[in-house]
Amino acid sequence: MEAFDTHRVAETVFRIERARLIAGLNRMVRDIGFAEELAQEALVTALSEWPRTGVPQSPAAWLMATAKRRAIDAFRRRRMQALKHVEIGHDLSLERDTTIEEVEAAMDDDIGDERLSLIFTACHPLLSVDARVALTLRLIGGLTTDEIARTFLAGEATIAQRIVRAKKTLGSSGLAYEVPRGEDRDRRLAAVLEVIYLIFNEGYAASAGDNAIRPQLCAEAMRLCRILSGLLPQEPEVHGLLALLELHASRFPARTGADGAPVTITEQNRGRWDRLLIQHGLTALGRAERLGGADGPYALQAAIAARHARAPRTEDTDWRQIATLYDRLSRVMPSPVVDLNRAIAHSMAFGPETGLELLEPLEAEPALQGYAGMPAARGDFLMRAGRTAEAKEAFEQAARLAGNAAERQFLTARAAACGGD
């Protein structure tokens with residue numbers, strides 16, 4: 001095999017096994033940053049040795065063994081340094097209590113829940129939400145710092161600092177790198193699902209930049225959720241979230257026009273929706289419901305998306321049932337944004353005036369101040385009620401608040417469609 005092909009094999013295996021490598025090493029060395037370095041060093045060694053010796057029979061096991069040997073070498077060096085410092089009168093001890101013997105013994109341990117523990121660690125509530133998102137994309141997603149920065153339209157230095165601070169926070173916390181149990185697991189799982197949802201949502205409705213959607217970010221969120229559903233097959237909300245992501249992603253081919261501007265769900269060509277993703281989403285939703293999770297927040301949102309997916313034409317959409325589902329969602333997951341979407345559903349089911357009535361108490365909500373979706377919804381209700389002058393003003397306000405260029409263009413066009421000066 002030529003060196004180029006060998007390099008490609010090494011990089012492919014590393015990309016597939018990266019999260020598992022880091023998870024296994026992290027359990028040994030109790031330091032995510034160090035574990036990531038060891039995994040990267042194993043890849044560098046493979047790129048150097050495999051063109052000469054050939055690809056091993058079990059390349060993933062080779063990478064893990066190589067990284068673990070480097071970990072043992074590092075601990076031996078630290079022990080020797082500590083002894084030398086003692087000899088010259090310094091009272092310096094090893095940074096960790098882990099002994100070389102313990103590390104060597106860990107080489108033969110079963111993989112177990114390591115990838116799951118890494119996901120729970122990267123999404124630990126000790127970290128800010130921004131840090132959890134960045135660390136998850138780095139450790140489990142395998143994205144480079146530059147890729148994360150470009151994805152979120154942030155400076156590379158900002159993202160790098162966020163990741164470094166997150167690793168330091170975890171390293172100094174005394175955290176047990178293991179899968180949580182009992183009530184703690186439920187709380188921590190909610191944090192993990194929130195991170196995956198936020199990653200998807202930033203791709204589905206980009207908050208800034210020129211493009212309305214970023215499919216690659218949504219694809220990464222779905223990949224993470226599929227990994228999680230495989231590791232936690234009995235957790236209904238994991239399947240509920242996966243259903244929600246796949247059903248929403250099924251609309252991507254119809255969600256933007258030729259000019260890149262967003263197309264509302266009522267205007268989309270449903271013949272372009274991805275039927276395979278819809279089927280996958282409906283299957284995941286069915287699994288969540290069979291596991292008793294029909295009233296979970298993500299499962300309810302997936303049920304709403306399923307009502308759209310099952311309607312072959314816009315006019316076939318059961319808006320009354322969607323409004324009922326939003327009523328249930330607002331009880332289990334109360335939030336101003338849910339209430340805003342509930343108002344939209346009720347406006348479609350019972351008329352724009354009903355929607356305007358439900359919007360009225362939301363006008364003073366602090367969380368919706370500066371949110372373009374609020375005046376955009378009001379503009380839509382007013383336009384359908386025939387109050388075009390007021391609708392135009394609402395759409396113009398929404399356009400001023402929009403952080404995304406494609407969304408701003410769409411709202412400006414809606415304002416112009418209302419007529420007037």
# chains A, B, ... in the order shown; residues from 1 in each chain; ligands from 1

call {"tool": "residues_around", "arguments": {"residues": "Asn269 of chain A", "least_positions_apart": "4", "cutoff": "10 Å", "atoms": "only C-alpha atoms", "output": "number ranges by chain"}}
result
A: 251, 253-255, 263, 265, 273, 312-314

call {"tool": "write_last_selection", "arguments": {"atoms": "all heavy atoms", "output": "PDB file, in the first residue's frame"}}
result
ATOM      1  N   ARG A 251     -36.512  18.866   6.072  1.00  0.00           N
ATOM      2  CA  ARG A 251     -37.037  20.004   5.295  1.00  0.00           C
ATOM      3  C   ARG A 251     -35.947  20.817   4.594  1.00  0.00           C
ATOM      4  O   ARG A 251     -36.251  21.743   3.840  1.00  0.00           O
ATOM      5  CB  ARG A 251     -37.811  20.949   6.220  1.00  0.00           C
ATOM      6  CG  ARG A 251     -38.936  20.304   6.996  1.00  0.00           C
ATOM      7  CD  ARG A 251     -39.525  21.291   7.984  1.00  0.00           C
ATOM      8  NE  ARG A 251     -40.366  20.653   8.991  1.00  0.00           N
ATOM      9  CZ  ARG A 251     -40.682  21.205  10.147  1.00  0.00           C
ATOM     10  NH1 ARG A 251     -40.234  22.437  10.437  1.00  0.00           N
ATOM     11  NH2 ARG A 251     -41.436  20.567  11.017  1.00  0.00           N
ATOM     12  N   PRO A 253     -33.971  20.554   1.999  1.00  0.00           N
ATOM     13  CA  PRO A 253     -33.973  20.812   0.548  1.00  0.00           C
ATOM     14  C   PRO A 253     -34.973  21.881   0.115  1.00  0.00           C
ATOM     15  O   PRO A 253     -34.809  22.479  -0.950  1.00  0.00           O
ATOM     16  CB  PRO A 253     -34.356  19.440  -0.039  1.00  0.00           C
ATOM     17  CG  PRO A 253     -33.941  18.446   1.000  1.00  0.00           C
ATOM     18  CD  PRO A 253     -34.202  19.126   2.306  1.00  0.00           C
ATOM     19  N   ALA A 254     -36.025  22.104   0.934  1.00  0.00           N
ATOM     20  CA  ALA A 254     -37.064  23.073   0.557  1.00  0.00           C
ATOM     21  C   ALA A 254     -37.045  24.321   1.426  1.00  0.00           C
ATOM     22  O   ALA A 254     -37.871  25.212   1.237  1.00  0.00           O
ATOM     23  CB  ALA A 254     -38.442  22.406   0.650  1.00  0.00           C
ATOM     24  N   ARG A 255     -36.090  24.407   2.362  1.00  0.00           N
ATOM     25  CA  ARG A 255     -36.173  25.455   3.379  1.00  0.00           C
ATOM     26  C   ARG A 255     -35.626  26.810   2.920  1.00  0.00           C
ATOM     27  O   ARG A 255     -35.906  27.836   3.524  1.00  0.00           O
ATOM     28  CB  ARG A 255     -35.433  25.002   4.637  1.00  0.00           C
ATOM     29  CG  ARG A 255     -35.836  25.807   5.849  1.00  0.00           C
ATOM     30  CD  ARG A 255     -35.513  25.118   7.144  1.00  0.00           C
ATOM     31  NE  ARG A 255     -35.904  25.976   8.243  1.00  0.00           N
ATOM     32  CZ  ARG A 255     -35.119  26.893   8.781  1.00  0.00           C
ATOM     33  NH1 ARG A 255     -33.878  27.043   8.332  1.00  0.00           N
ATOM     34  NH2 ARG A 255     -35.537  27.661   9.761  1.00  0.00           N
ATOM     35  N   VAL A 263     -37.615  29.984   3.317  1.00  0.00           N
ATOM     36  CA  VAL A 263     -38.984  29.761   2.846  1.00  0.00           C
ATOM     37  C   VAL A 263     -39.779  29.226   4.026  1.00  0.00           C
ATOM     38  O   VAL A 263     -39.384  28.244   4.657  1.00  0.00           O
ATOM     39  CB  VAL A 263     -39.017  28.754   1.678  1.00  0.00           C
ATOM     40  CG1 VAL A 263     -40.452  28.519   1.219  1.00  0.00           C
ATOM     41  CG2 VAL A 263     -38.151  29.237   0.521  1.00  0.00           C
ATOM     42  N   ILE A 265     -42.605  27.340   6.315  1.00  0.00           N
ATOM     43  CA  ILE A 265     -43.081  25.965   6.182  1.00  0.00           C
ATOM     44  C   ILE A 265     -44.376  25.884   5.390  1.00  0.00           C
ATOM     45  O   ILE A 265     -44.629  24.898   4.694  1.00  0.00           O
ATOM     46  CB  ILE A 265     -43.237  25.315   7.581  1.00  0.00           C
ATOM     47  CG1 ILE A 265     -43.409  23.804   7.429  1.00  0.00           C
ATOM     48  CG2 ILE A 265     -44.397  25.934   8.358  1.00  0.00           C
ATOM     49  CD1 ILE A 265     -43.278  23.047   8.728  1.00  0.00           C
ATOM     50  N   TRP A 273     -39.075  17.443   0.446  1.00  0.00           N
ATOM     51  CA  TRP A 273     -38.667  16.994   1.771  1.00  0.00           C
ATOM     52  C   TRP A 273     -38.047  15.602   1.669  1.00  0.00           C
ATOM     53  O   TRP A 273     -38.474  14.773   0.852  1.00  0.00           O
ATOM     54  CB  TRP A 273     -39.861  16.969   2.728  1.00  0.00           C
ATOM     55  CG  TRP A 273     -40.309  18.339   3.157  1.00  0.00           C
ATOM     56  CD1 TRP A 273     -39.790  19.535   2.779  1.00  0.00           C
ATOM     57  CD2 TRP A 273     -41.390  18.646   4.046  1.00  0.00           C
ATOM     58  NE1 TRP A 273     -40.472  20.578   3.361  1.00  0.00           N
ATOM     59  CE2 TRP A 273     -41.460  20.051   4.153  1.00  0.00           C
ATOM     60  CE3 TRP A 273     -42.312  17.869   4.751  1.00  0.00           C
ATOM     61  CZ2 TRP A 273     -42.403  20.694   4.952  1.00  0.00           C
ATOM     62  CZ3 TRP A 273     -43.251  18.504   5.541  1.00  0.00           C
ATOM     63  CH2 TRP A 273     -43.294  19.902   5.648  1.00  0.00           C
ATOM     64  N   PRO A 312     -49.268  15.722   3.323  1.00  0.00           N
ATOM     65  CA  PRO A 312     -48.668  15.812   1.982  1.00  0.00           C
ATOM     66  C   PRO A 312     -48.729  17.211   1.386  1.00  0.00           C
ATOM     67  O   PRO A 312     -47.895  17.589   0.575  1.00  0.00           O
ATOM     68  CB  PRO A 312     -49.484  14.815   1.153  1.00  0.00           C
ATOM     69  CG  PRO A 312     -50.760  14.627   1.905  1.00  0.00           C
ATOM     70  CD  PRO A 312     -50.443  14.827   3.345  1.00  0.00           C
ATOM     71  N   ARG A 313     -49.771  18.004   1.794  1.00  0.00           N
ATOM     72  CA  ARG A 313     -49.889  19.381   1.316  1.00  0.00           C
ATOM     73  C   ARG A 313     -50.073  20.312   2.507  1.00  0.00           C
ATOM     74  O   ARG A 313     -50.533  19.893   3.577  1.00  0.00           O
ATOM     75  CB  ARG A 313     -51.104  19.520   0.387  1.00  0.00           C
ATOM     76  CG  ARG A 313     -51.082  18.630  -0.851  1.00  0.00           C
ATOM     77  CD  ARG A 313     -52.403  18.758  -1.601  1.00  0.00           C
ATOM     78  NE  ARG A 313     -53.540  18.430  -0.739  1.00  0.00           N
ATOM     79  CZ  ARG A 313     -54.802  18.724  -1.026  1.00  0.00           C
ATOM     80  NH1 ARG A 313     -55.089  19.377  -2.151  1.00  0.00           N
ATOM     81  NH2 ARG A 313     -55.782  18.392  -0.196  1.00  0.00           N
ATOM     82  N   THR A 314     -49.711  21.572   2.327  1.00  0.00           N
ATOM     83  CA  THR A 314     -49.838  22.548   3.409  1.00  0.00           C
ATOM     84  C   THR A 314     -51.268  22.590   3.944  1.00  0.00           C
ATOM     85  O   THR A 314     -51.494  22.620   5.157  1.00  0.00           O
ATOM     86  CB  THR A 314     -49.440  23.948   2.909  1.00  0.00           C
ATOM     87  OG1 THR A 314     -48.070  23.933   2.515  1.00  0.00           O
ATOM     88  CG2 THR A 314     -49.618  24.993   4.008  1.00  0.00           C
TER      89      THR A 314
END

call {"tool": "residues_around", "arguments": {"residues": "Arg226 of chain A", "least_positions_apart": "3", "cutoff": "10 Å", "atoms": "only C-alpha atoms", "output": "list in words"}}
result
Glu220, Ala221, Met222, Arg223, Ser229, Gly230, Leu231, Leu232, Val238, His239, Leu241 and Leu242 of chain A

call {"tool": "closest_residue", "arguments": {"among": "A:Ala71, A:Ala343, A:Met348, A:Leu277", "to": "Asp318 of chain A", "atoms": "only C-alpha atoms"}}
result
A:Met348

call {"tool": "atom_distance", "arguments": {"atom1": "atom CA of Ala345 of chain A", "atom2": "atom CA of Arg384 of chain A"}}
result
13.8 Å

call {"tool": "residues_around", "arguments": {"residues": "Ile344 of chain A", "least_positions_apart": "3", "cutoff": "12 Å", "atoms": "only C-alpha atoms", "output": "NGL selection string"}}
result
:A and (319-320 or 322-323 or 326-327 or 337-341 or 347-359 or 373-382 or 384)

call {"tool": "write_last_selection", "arguments": {"atoms": "N, CA, C and O atoms", "output": "compact mmCIF listing (two decimals), in the first residue's frame"}}
result
# COMPACT_ATOMS: atom_id res chain seq x y z
N TRP A 319 -53.65 21.83 12.01
CA TRP A 319 -53.20 22.90 12.90
C TRP A 319 -53.87 22.84 14.26
O TRP A 319 -53.28 23.24 15.27
N ARG A 320 -55.08 22.32 14.33
CA ARG A 320 -55.75 22.21 15.63
C ARG A 320 -55.01 21.23 16.53
O ARG A 320 -54.82 21.48 17.72
N ILE A 322 -51.85 20.47 16.22
CA ILE A 322 -50.56 21.11 16.54
C ILE A 322 -50.74 22.11 17.67
O ILE A 322 -49.91 22.19 18.59
N ALA A 323 -51.84 22.88 17.64
CA ALA A 323 -52.11 23.84 18.71
C ALA A 323 -52.28 23.10 20.05
O ALA A 323 -51.78 23.56 21.09
N TYR A 326 -48.92 22.11 21.33
CA TYR A 326 -48.22 23.27 21.92
C TYR A 326 -48.78 23.61 23.29
O TYR A 326 -48.05 24.06 24.18
N ASP A 327 -50.07 23.40 23.49
CA ASP A 327 -50.65 23.60 24.83
C ASP A 327 -49.97 22.67 25.83
O ASP A 327 -49.61 23.09 26.94
N VAL A 337 -40.47 31.57 24.29
CA VAL A 337 -40.38 31.15 22.88
C VAL A 337 -41.42 30.08 22.57
O VAL A 337 -42.04 30.09 21.50
N VAL A 338 -41.64 29.14 23.51
CA VAL A 338 -42.69 28.14 23.31
C VAL A 338 -44.05 28.83 23.22
O VAL A 338 -44.88 28.50 22.37
N ASP A 339 -44.28 29.82 24.09
CA ASP A 339 -45.56 30.55 24.05
C ASP A 339 -45.73 31.30 22.73
O ASP A 339 -46.85 31.41 22.21
N LEU A 340 -44.62 31.82 22.19
CA LEU A 340 -44.69 32.50 20.90
C LEU A 340 -45.09 31.52 19.79
O LEU A 340 -45.97 31.81 18.97
N ASN A 341 -44.46 30.35 19.79
CA ASN A 341 -44.80 29.34 18.79
C ASN A 341 -46.23 28.82 18.99
O ASN A 341 -46.91 28.47 18.02
N SER A 347 -52.93 30.76 15.82
CA SER A 347 -53.36 31.68 14.75
C SER A 347 -53.69 30.93 13.48
O SER A 347 -54.60 31.29 12.74
N MET A 348 -52.93 29.84 13.22
CA MET A 348 -53.19 29.04 12.02
C MET A 348 -54.43 28.17 12.20
O MET A 348 -55.15 27.91 11.24
N ALA A 349 -54.68 27.74 13.45
CA ALA A 349 -55.82 26.86 13.70
C ALA A 349 -57.13 27.63 13.84
O ALA A 349 -58.18 27.17 13.37
N PHE A 350 -57.07 28.82 14.47
CA PHE A 350 -58.31 29.52 14.83
C PHE A 350 -58.40 30.95 14.30
O PHE A 350 -59.33 31.68 14.63
N GLY A 351 -57.40 31.36 13.51
CA GLY A 351 -57.45 32.68 12.90
C GLY A 351 -56.43 33.64 13.48
O GLY A 351 -55.99 33.49 14.63
N PRO A 352 -56.03 34.66 12.69
CA PRO A 352 -54.99 35.60 13.11
C PRO A 352 -55.34 36.42 14.35
O PRO A 352 -54.46 36.78 15.14
N GLU A 353 -56.63 36.73 14.53
CA GLU A 353 -57.02 37.53 15.70
C GLU A 353 -56.73 36.77 17.00
O GLU A 353 -56.33 37.35 18.01
N THR A 354 -56.93 35.43 16.97
CA THR A 354 -56.60 34.61 18.14
C THR A 354 -55.10 34.68 18.42
O THR A 354 -54.67 34.79 19.58
N GLY A 355 -54.32 34.63 17.36
CA GLY A 355 -52.87 34.74 17.52
C GLY A 355 -52.47 36.07 18.13
O GLY A 355 -51.61 36.13 19.02
N LEU A 356 -53.09 37.16 17.68
CA LEU A 356 -52.77 38.49 18.21
C LEU A 356 -53.14 38.58 19.69
O LEU A 356 -52.41 39.20 20.48
N GLU A 357 -54.23 37.95 20.08
CA GLU A 357 -54.62 37.96 21.50
C GLU A 357 -53.57 37.24 22.35
O GLU A 357 -53.23 37.69 23.45
N LEU A 358 -53.05 36.12 21.85
CA LEU A 358 -52.06 35.36 22.60
C LEU A 358 -50.70 36.06 22.62
O LEU A 358 -49.90 35.85 23.54
N LEU A 359 -50.46 36.90 21.61
CA LEU A 359 -49.18 37.65 21.58
C LEU A 359 -49.17 38.78 22.60
O LEU A 359 -48.10 39.15 23.10
N GLY A 373 -38.15 37.15 15.93
CA GLY A 373 -39.31 36.29 15.74
C GLY A 373 -40.60 36.88 16.27
O GLY A 373 -41.69 36.56 15.75
N MET A 374 -40.49 37.74 17.28
CA MET A 374 -41.70 38.32 17.88
C MET A 374 -42.42 39.28 16.91
O MET A 374 -43.58 39.06 16.57
N PRO A 375 -41.76 40.34 16.44
CA PRO A 375 -42.45 41.22 15.47
C PRO A 375 -42.73 40.52 14.14
O PRO A 375 -43.69 40.88 13.45
N ALA A 376 -41.93 39.51 13.79
CA ALA A 376 -42.19 38.77 12.54
C ALA A 376 -43.52 38.03 12.64
O ALA A 376 -44.32 38.02 11.69
N ALA A 377 -43.76 37.40 13.81
CA ALA A 377 -45.04 36.70 14.01
C ALA A 377 -46.20 37.69 14.00
O ALA A 377 -47.24 37.45 13.36
N ARG A 378 -46.01 38.82 14.68
CA ARG A 378 -47.06 39.83 14.72
C ARG A 378 -47.37 40.34 13.31
O ARG A 378 -48.53 40.52 12.93
N GLY A 379 -46.32 40.55 12.51
CA GLY A 379 -46.50 41.00 11.14
C GLY A 379 -47.30 40.00 10.32
O GLY A 379 -48.18 40.38 9.54
N ASP A 380 -47.02 38.71 10.51
CA ASP A 380 -47.74 37.68 9.78
C ASP A 380 -49.22 37.67 10.16
O ASP A 380 -50.10 37.59 9.30
N PHE A 381 -49.49 37.77 11.48
CA PHE A 381 -50.90 37.78 11.94
C PHE A 381 -51.63 38.99 11.37
O PHE A 381 -52.77 38.88 10.89
N LEU A 382 -50.98 40.15 11.42
CA LEU A 382 -51.62 41.38 10.96
C LEU A 382 -51.87 41.34 9.45
O LEU A 382 -52.92 41.78 8.97
N ARG A 384 -52.36 38.66 7.60
CA ARG A 384 -53.47 37.73 7.32
C ARG A 384 -54.81 38.30 7.79
O ARG A 384 -55.86 37.89 7.30

call {"tool": "closest_residue", "arguments": {"among": "A:His346, A:Arg30, A:Arg307, A:His248", "to": "His280 of chain A", "atoms": "only C-alpha atoms"}}
result
A:His248

call {"tool": "decode", "arguments": {"residues": "segment 221-309 of chain A", "atoms": "C-alpha atoms", "output": "PDB file, in the first residue's frame"}}
result
ATOM      1  CA  ALA A 221     -25.694  17.335  16.027  1.00  0.00           C
ATOM      2  CA  MET A 222     -27.601  14.409  14.498  1.00  0.00           C
ATOM      3  CA  ARG A 223     -24.456  12.274  14.528  1.00  0.00           C
ATOM      4  CA  LEU A 224     -23.916  13.036  18.220  1.00  0.00           C
ATOM      5  CA  CYS A 225     -27.544  12.230  18.998  1.00  0.00           C
ATOM      6  CA  ARG A 226     -27.348   8.928  17.113  1.00  0.00           C
ATOM      7  CA  ILE A 227     -24.260   7.985  19.142  1.00  0.00           C
ATOM      8  CA  LEU A 228     -26.158   8.845  22.315  1.00  0.00           C
ATOM      9  CA  SER A 229     -29.240   6.860  21.292  1.00  0.00           C
ATOM     10  CA  GLY A 230     -27.031   3.826  20.697  1.00  0.00           C
ATOM     11  CA  LEU A 231     -25.410   4.196  24.121  1.00  0.00           C
ATOM     12  CA  LEU A 232     -28.689   4.924  25.949  1.00  0.00           C
ATOM     13  CA  PRO A 233     -31.316   2.885  24.089  1.00  0.00           C
ATOM     14  CA  GLN A 234     -33.837   2.987  26.964  1.00  0.00           C
ATOM     15  CA  GLU A 235     -33.896   6.801  27.379  1.00  0.00           C
ATOM     16  CA  PRO A 236     -37.076   8.105  25.695  1.00  0.00           C
ATOM     17  CA  GLU A 237     -36.000  11.751  25.508  1.00  0.00           C
ATOM     18  CA  VAL A 238     -32.835  10.816  23.618  1.00  0.00           C
ATOM     19  CA  HIS A 239     -35.021   9.233  20.943  1.00  0.00           C
ATOM     20  CA  GLY A 240     -37.409  12.186  21.171  1.00  0.00           C
ATOM     21  CA  LEU A 241     -34.566  14.593  20.423  1.00  0.00           C
ATOM     22  CA  LEU A 242     -33.262  12.430  17.584  1.00  0.00           C
ATOM     23  CA  ALA A 243     -36.771  12.356  16.083  1.00  0.00           C
ATOM     24  CA  LEU A 244     -37.030  16.144  16.337  1.00  0.00           C
ATOM     25  CA  LEU A 245     -33.654  16.716  14.660  1.00  0.00           C
ATOM     26  CA  GLU A 246     -34.297  14.281  11.814  1.00  0.00           C
ATOM     27  CA  LEU A 247     -37.789  15.588  11.103  1.00  0.00           C
ATOM     28  CA  HIS A 248     -36.550  19.176  11.017  1.00  0.00           C
ATOM     29  CA  ALA A 249     -33.537  18.247   8.884  1.00  0.00           C
ATOM     30  CA  SER A 250     -35.845  16.541   6.373  1.00  0.00           C
ATOM     31  CA  ARG A 251     -37.037  20.004   5.295  1.00  0.00           C
ATOM     32  CA  PHE A 252     -33.597  21.327   4.323  1.00  0.00           C
ATOM     33  CA  PRO A 253     -33.973  20.812   0.548  1.00  0.00           C
ATOM     34  CA  ALA A 254     -37.064  23.073   0.557  1.00  0.00           C
ATOM     35  CA  ARG A 255     -36.173  25.455   3.379  1.00  0.00           C
ATOM     36  CA  THR A 256     -34.361  28.082   1.317  1.00  0.00           C
ATOM     37  CA  GLY A 257     -35.038  29.515  -2.116  1.00  0.00           C
ATOM     38  CA  ALA A 258     -32.674  29.931  -5.052  1.00  0.00           C
ATOM     39  CA  ASP A 259     -31.552  33.275  -3.590  1.00  0.00           C
ATOM     40  CA  GLY A 260     -30.733  31.699  -0.209  1.00  0.00           C
ATOM     41  CA  ALA A 261     -33.654  33.388   1.551  1.00  0.00           C
ATOM     42  CA  PRO A 262     -35.667  31.240   3.992  1.00  0.00           C
ATOM     43  CA  VAL A 263     -38.984  29.761   2.846  1.00  0.00           C
ATOM     44  CA  THR A 264     -41.702  29.423   5.499  1.00  0.00           C
ATOM     45  CA  ILE A 265     -43.081  25.965   6.182  1.00  0.00           C
ATOM     46  CA  THR A 266     -46.452  26.915   4.698  1.00  0.00           C
ATOM     47  CA  GLU A 267     -44.743  27.887   1.405  1.00  0.00           C
ATOM     48  CA  GLN A 268     -42.290  24.994   1.124  1.00  0.00           C
ATOM     49  CA  ASN A 269     -42.486  22.416  -1.665  1.00  0.00           C
ATOM     50  CA  ARG A 270     -43.157  19.319   0.424  1.00  0.00           C
ATOM     51  CA  GLY A 271     -42.271  17.085  -2.489  1.00  0.00           C
ATOM     52  CA  ARG A 272     -38.657  18.087  -1.860  1.00  0.00           C
ATOM     53  CA  TRP A 273     -38.667  16.994   1.771  1.00  0.00           C
ATOM     54  CA  ASP A 274     -36.346  14.067   2.515  1.00  0.00           C
ATOM     55  CA  ARG A 275     -38.695  11.091   2.952  1.00  0.00           C
ATOM     56  CA  LEU A 276     -35.962   8.822   4.345  1.00  0.00           C
ATOM     57  CA  LEU A 277     -35.161  11.282   7.131  1.00  0.00           C
ATOM     58  CA  ILE A 278     -38.876  11.632   7.830  1.00  0.00           C
ATOM     59  CA  GLN A 279     -39.189   7.858   8.175  1.00  0.00           C
ATOM     60  CA  HIS A 280     -36.182   7.752  10.503  1.00  0.00           C
ATOM     61  CA  GLY A 281     -37.667  10.573  12.569  1.00  0.00           C
ATOM     62  CA  LEU A 282     -41.072   8.908  12.845  1.00  0.00           C
ATOM     63  CA  THR A 283     -39.390   5.647  13.888  1.00  0.00           C
ATOM     64  CA  ALA A 284     -37.423   7.420  16.629  1.00  0.00           C
ATOM     65  CA  LEU A 285     -40.580   9.211  17.804  1.00  0.00           C
ATOM     66  CA  GLY A 286     -42.434   5.896  17.989  1.00  0.00           C
ATOM     67  CA  ARG A 287     -39.619   4.455  20.089  1.00  0.00           C
ATOM     68  CA  ALA A 288     -39.737   7.429  22.472  1.00  0.00           C
ATOM     69  CA  GLU A 289     -43.500   7.051  22.887  1.00  0.00           C
ATOM     70  CA  ARG A 290     -43.286   3.269  23.460  1.00  0.00           C
ATOM     71  CA  LEU A 291     -40.734   3.932  26.212  1.00  0.00           C
ATOM     72  CA  GLY A 292     -43.272   6.173  27.961  1.00  0.00           C
ATOM     73  CA  GLY A 293     -41.813   9.491  26.864  1.00  0.00           C
ATOM     74  CA  ALA A 294     -44.719  10.964  24.889  1.00  0.00           C
ATOM     75  CA  ASP A 295     -44.884  14.001  27.204  1.00  0.00           C
ATOM     76  CA  GLY A 296     -41.151  14.732  27.163  1.00  0.00           C
ATOM     77  CA  PRO A 297     -40.262  18.208  25.844  1.00  0.00           C
ATOM     78  CA  TYR A 298     -38.301  16.922  22.849  1.00  0.00           C
ATOM     79  CA  ALA A 299     -40.822  14.167  22.073  1.00  0.00           C
ATOM     80  CA  LEU A 300     -43.654  16.726  22.073  1.00  0.00           C
ATOM     81  CA  GLN A 301     -41.724  18.989  19.709  1.00  0.00           C
ATOM     82  CA  ALA A 302     -41.048  15.953  17.507  1.00  0.00           C
ATOM     83  CA  ALA A 303     -44.768  15.127  17.555  1.00  0.00           C
ATOM     84  CA  ILE A 304     -45.467  18.635  16.288  1.00  0.00           C
ATOM     85  CA  ALA A 305     -42.884  18.216  13.506  1.00  0.00           C
ATOM     86  CA  ALA A 306     -44.439  14.829  12.694  1.00  0.00           C
ATOM     87  CA  ARG A 307     -47.846  16.478  12.110  1.00  0.00           C
ATOM     88  CA  HIS A 308     -46.225  18.609   9.402  1.00  0.00           C
ATOM     89  CA  ALA A 309     -44.292  15.645   7.963  1.00  0.00           C
TER      90      ALA A 309
END
